[in-house]
Amino acid sequence: MGTEKRGQGWGRHHLLFEQRHHWGNGCDWGLTLGQACVATLSPTADPGRAMKVLLLTGLGALFLAYYWDDNFDPACLHGARVLLTGVSAGIGEELAYHYARLGSHLVLTAHTEALLQQVVGNCRKLGAPKVFYIAADMASPEVPERVVQFALDKLGGLDYLVLNHLGAAPAGTRVRSSQSTRWLMQVNFLSYVQLTSSALPSLTDSKGSLVVVSSLLGRVPTSFSSPYSAAKFALESFFSSLRRELDVQEVNVAITMCVLGLRDRASAAEGVSWMPHSRAWFVRQELNITTPAAA
């Protein structure tokens with residue numbers, strides 16, 4: 001059983017996360033539990049074996065209690081310096097509102113300046129002490145470094161880098177053309193690498209955290225998504241390798257991968273409206289915000 005590095009724990013982190021446990025085959029796990037119960041309750045069971053089963057069951061319960069315990073402390077984000085990308089709509093917008101509510105200092109970026117300004121105004125209403133913004137097109141190779149430098153100049157350093165922006169194939173290009181693939185790789189992968197490279201020295205100094213919002217298409221390829229899926233697979237590989245490199249080098253920067261399912265961003269909330277939701281789903285409603293028409 002293995003667990004990916006969690007850095008300083010989820011309480012130090014963010015509003016979304018992925019934690020990977022290797023449980024093995026689910027049917028085998030259930031069969032083992034059934035056999036254990038029979039072995040424990042049977043009158044002819046060996047007492048020593050029964051004690052081992054009970055001990056293992058107790059240890060398993062403690063393990064589950066430890067990893068499922070919500071130890072998030074909102075105070076840890078008060079005053080934190082956060083650079084968040086892709087905030088004009090969807091998950092990035094909601095993340096911005098939560099960081100604002102918790103008192104973080106924010107630098108927000110997105111492609112569309114008008115929508116970005118709306119989000120900045122809402123963050124100020126929610127109580128963010130400092131909110132700065134920079135409109136940025138991540139398809140331009142020189143932009144990511146400029147965005148990080150802007151954040152460093154405004155905030156004096158970074159505690160959190162949250163990478164959430166994405167791009168679909170530009171209009172007028174064929175889905176699998178070399179032009180489209182280069183554009184998608186720049187927006188959805190290379191800009192992530194550039195932002196991380198520029199921000200890593202500051203994150204190292206602050207023992208900060210890096211959050212990467214990825215997609216299930218980076219784990220499971222589907223038809224008619226080859227360039228986009230390739231970019232997401234590249235994200236998974238790069239940041240998984242980087243996590244291990246930082247661990248070997250004893251650099252205390254946590255890396256969290258957030259894997260989103262195969263859902264359209266605009267309709268995701270409506271699609272699960274029947275489920276009980278946590279507080280995260282209600283920030284927009286409290287602000288009476290309508291979904292922007294464009295990302």
# chains A, B, ... in the order shown; residues from 1 in each chain; ligands from 1
$ residues_around --residues "Val148 (chain A)" --least-positions-apart "3" --cutoff "8 Å" --atoms "only C-alpha atoms" --output "list of chain:residue names"
A:Leu83, A:Pro144, A:Glu145, A:Ala151, A:Leu152, A:Leu195, A:Ser198, A:Ala199
$ closest_residue --among "A:Gly121, A:Ala100, A:Leu217, A:Val248" --to "Phe233 (chain A)" --atoms "only C-alpha atoms"
A:Leu217
$ residues_around --residues "Ser191 (chain A)" --least-positions-apart "5" --cutoff "12 Å" --atoms "only C-alpha atoms" --output "MDAnalysis selection string"
chainID A and resid 85 136:148 163:167 182:186 196:198 212 231 234:235
$ atom_distance --atom1 "CA of Leu126 (chain A)" --atom2 "CA of Tyr192 (chain A)"
28.1 Å
$ residues_around --residues "Leu260 (chain A)" --least-positions-apart "4" --cutoff "7 Å" --atoms "only C-alpha atoms" --output "list in words"
Ser214, Ser215 and Leu216 of chain A
